[in-house]
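The file entry-v3.pdb contains PDB, C-alpha atoms, pLDDT in the B column:
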```pdb
ATOM      1  CA  MET A   1     -16.420   3.579  -0.529  1.00 76.00           C
ATOM      2  CA  LEU A   2     -18.126   6.007   1.827  1.00 83.00           C
ATOM      3  CA  THR A   3     -15.527   8.684   1.117  1.00 85.00           C
ATOM      4  CA  ALA A   4     -16.011   8.412  -2.646  1.00 87.00           C
ATOM      5  CA  PHE A   5     -19.797   8.543  -2.207  1.00 87.00           C
ATOM      6  CA  TYR A   6     -19.490  11.668  -0.048  1.00 86.00           C
ATOM      7  CA  ASN A   7     -17.170  13.339  -2.575  1.00 86.00           C
ATOM      8  CA  VAL A   8     -19.668  12.766  -5.411  1.00 89.00           C
ATOM      9  CA  ASN A   9     -22.617  14.082  -3.403  1.00 88.00           C
ATOM     10  CA  ARG A  10     -20.857  16.779  -1.367  1.00 88.00           C
ATOM     11  CA  PRO A  11     -22.473  20.194  -0.880  1.00 88.00           C
ATOM     12  CA  LYS A  12     -21.293  23.140  -2.946  1.00 88.00           C
ATOM     13  CA  GLY A  13     -18.340  24.968  -1.454  1.00 89.00           C
ATOM     14  CA  LYS A  14     -17.125  21.953   0.533  1.00 88.00           C
ATOM     15  CA  SER A  15     -13.709  20.555  -0.271  1.00 89.00           C
ATOM     16  CA  PRO A  16     -13.502  16.851  -1.167  1.00 87.00           C
ATOM     17  CA  LEU A  17     -12.184  14.304   1.318  1.00 84.00           C
ATOM     18  CA  LYS A  18      -8.937  12.468   0.574  1.00 86.00           C
ATOM     19  CA  LEU A  19      -9.489   8.960  -0.757  1.00 84.00           C
ATOM     20  CA  TRP A  20      -6.266   7.368   0.529  1.00 84.00           C
ATOM     21  CA  LYS A  21      -4.408   7.929   3.757  1.00 83.00           C
ATOM     22  CA  LYS A  22      -0.644   8.313   3.697  1.00 84.00           C
ATOM     23  CA  LYS A  23       1.310   5.297   4.891  1.00 86.00           C
ATOM     24  CA  PRO A  24       4.195   5.884   7.309  1.00 85.00           C
ATOM     25  CA  LYS A  25       7.673   5.337   5.929  1.00 86.00           C
ATOM     26  CA  LYS A  26       9.373   2.082   6.859  1.00 88.00           C
ATOM     27  CA  VAL A  27      12.233   2.363   9.346  1.00 86.00           C
ATOM     28  CA  LYS A  28      15.565   0.734   8.580  1.00 91.00           C
ATOM     29  CA  LYS A  29      16.388  -2.275  10.728  1.00 91.00           C
ATOM     30  CA  GLU A  30      19.675  -0.787  11.987  1.00 93.00           C
ATOM     31  CA  GLU A  31      17.955   2.447  12.994  1.00 92.00           C
ATOM     32  CA  TYR A  32      15.235   0.510  14.828  1.00 90.00           C
ATOM     33  CA  GLN A  33      17.770  -1.616  16.711  1.00 92.00           C
ATOM     34  CA  ASN A  34      19.777   1.496  17.614  1.00 93.00           C
ATOM     35  CA  ASN A  35      16.661   3.180  19.045  1.00 89.00           C
ATOM     36  CA  ILE A  36      15.794   0.082  21.098  1.00 88.00           C
ATOM     37  CA  LYS A  37      19.364  -0.027  22.462  1.00 92.00           C
ATOM     38  CA  ILE A  38      19.151   3.643  23.513  1.00 90.00           C
ATOM     39  CA  ILE A  39      15.835   3.011  25.295  1.00 85.00           C
ATOM     40  CA  GLU A  40      17.213  -0.044  27.103  1.00 87.00           C
ATOM     41  CA  ASP A  41      20.273   1.947  28.250  1.00 90.00           C
ATOM     42  CA  MET A  42      18.019   4.726  29.555  1.00 84.00           C
ATOM     43  CA  GLU A  43      15.878   2.218  31.448  1.00 84.00           C
ATOM     44  CA  LYS A  44      18.975   0.716  33.094  1.00 87.00           C
ATOM     45  CA  ARG A  45      20.201   4.155  34.202  1.00 87.00           C
ATOM     46  CA  GLU A  46      16.946   5.950  35.108  1.00 81.00           C
ATOM     47  CA  GLY A  47      14.287   3.266  35.333  1.00 81.00           C
ATOM     48  CA  LYS A  48      10.969   3.765  33.583  1.00 78.00           C
ATOM     49  CA  SER A  49      10.348   7.254  34.951  1.00 79.00           C
ATOM     50  CA  TRP A  50      10.926   8.713  31.472  1.00 77.00           C
ATOM     51  CA  VAL A  51       7.683   7.057  30.317  1.00 78.00           C
ATOM     52  CA  TYR A  52       5.696   8.790  33.040  1.00 80.00           C
ATOM     53  CA  LYS A  53       7.303  12.128  32.157  1.00 81.00           C
ATOM     54  CA  ILE A  54       6.012  11.735  28.604  1.00 81.00           C
ATOM     55  CA  TYR A  55       2.540  10.826  29.903  1.00 82.00           C
ATOM     56  CA  LYS A  56       2.525  13.853  32.204  1.00 83.00           C
ATOM     57  CA  ALA A  57       3.625  16.192  29.395  1.00 85.00           C
ATOM     58  CA  ASN A  58       0.728  14.923  27.273  1.00 83.00           C
ATOM     59  CA  GLY A  59      -1.856  15.343  30.029  1.00 82.00           C
ATOM     60  CA  PHE A  60      -2.173  11.720  31.197  1.00 80.00           C
ATOM     61  CA  ASP A  61      -1.697  10.298  34.666  1.00 72.00           C
ATOM     62  CA  LYS A  62       0.105   7.003  35.401  1.00 65.00           C
ATOM     63  CA  ARG A  63      -3.061   4.981  34.769  1.00 67.00           C
ATOM     64  CA  MET A  64      -3.317   6.343  31.170  1.00 60.00           C
ATOM     65  CA  LYS A  65      -6.431   8.404  31.880  1.00 60.00           C
ATOM     66  CA  LYS A  66      -6.675  11.872  30.384  1.00 60.00           C
ATOM     67  CA  LYS A  67      -6.710  14.627  32.995  1.00 61.00           C
ATOM     68  CA  GLY A  68      -9.264  17.409  32.885  1.00 61.00           C
ATOM     69  CA  GLY A  69     -11.632  16.323  30.199  1.00 53.00           C
TER      70      GLY A  69
END
```
Render the structure in this file as structure tokens.
Amino acid sequence: MLTAFYNVNRPKGKSPLKLWKKKPKKVKKEEYQNNIKIIEDMEKREGKSWVYKIYKANGFDKRMKKKGG
């Protein structure tokens, strides 16, 4: 409702806001199960260190706090 109200009363030169957000596509059950199996195999081989590597690459420390800002 707020978005539609803003679009009606928006200033000149401003582009309108989108009314609906895109929904993510549904994943097939087989694909989901395959991804879970791959993750479980990785955890058996390497432990959960791969999770911390992803956190570090995205600027988080192990406690999920953003570094530097």
Point to revise | Atom pair CA of Lys22 (chain A) / CA of Asn9 (chain A): separation (Å) | key: 23.8 Å
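With CA of Leu2 (chain A) on one side and CA of Lys21 (chain A) on the other, the separation reads 14.0 Å.
Interatomic distance, CA of Asp61 (chain A) against CA of Gly47 (chain A): 17.5 Å.
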Around region 15-31 of chain A, with edges along x, y and z and 6 Å added on all six sides, what centre and edge lengths do you get, in Å to one decimal, as lines of an AutoDock Vina configuration file?
```
center_x = 3.0
center_y = 9.1
center_z = 5.9
size_x = 45.4
size_y = 34.8
size_z = 26.2
```
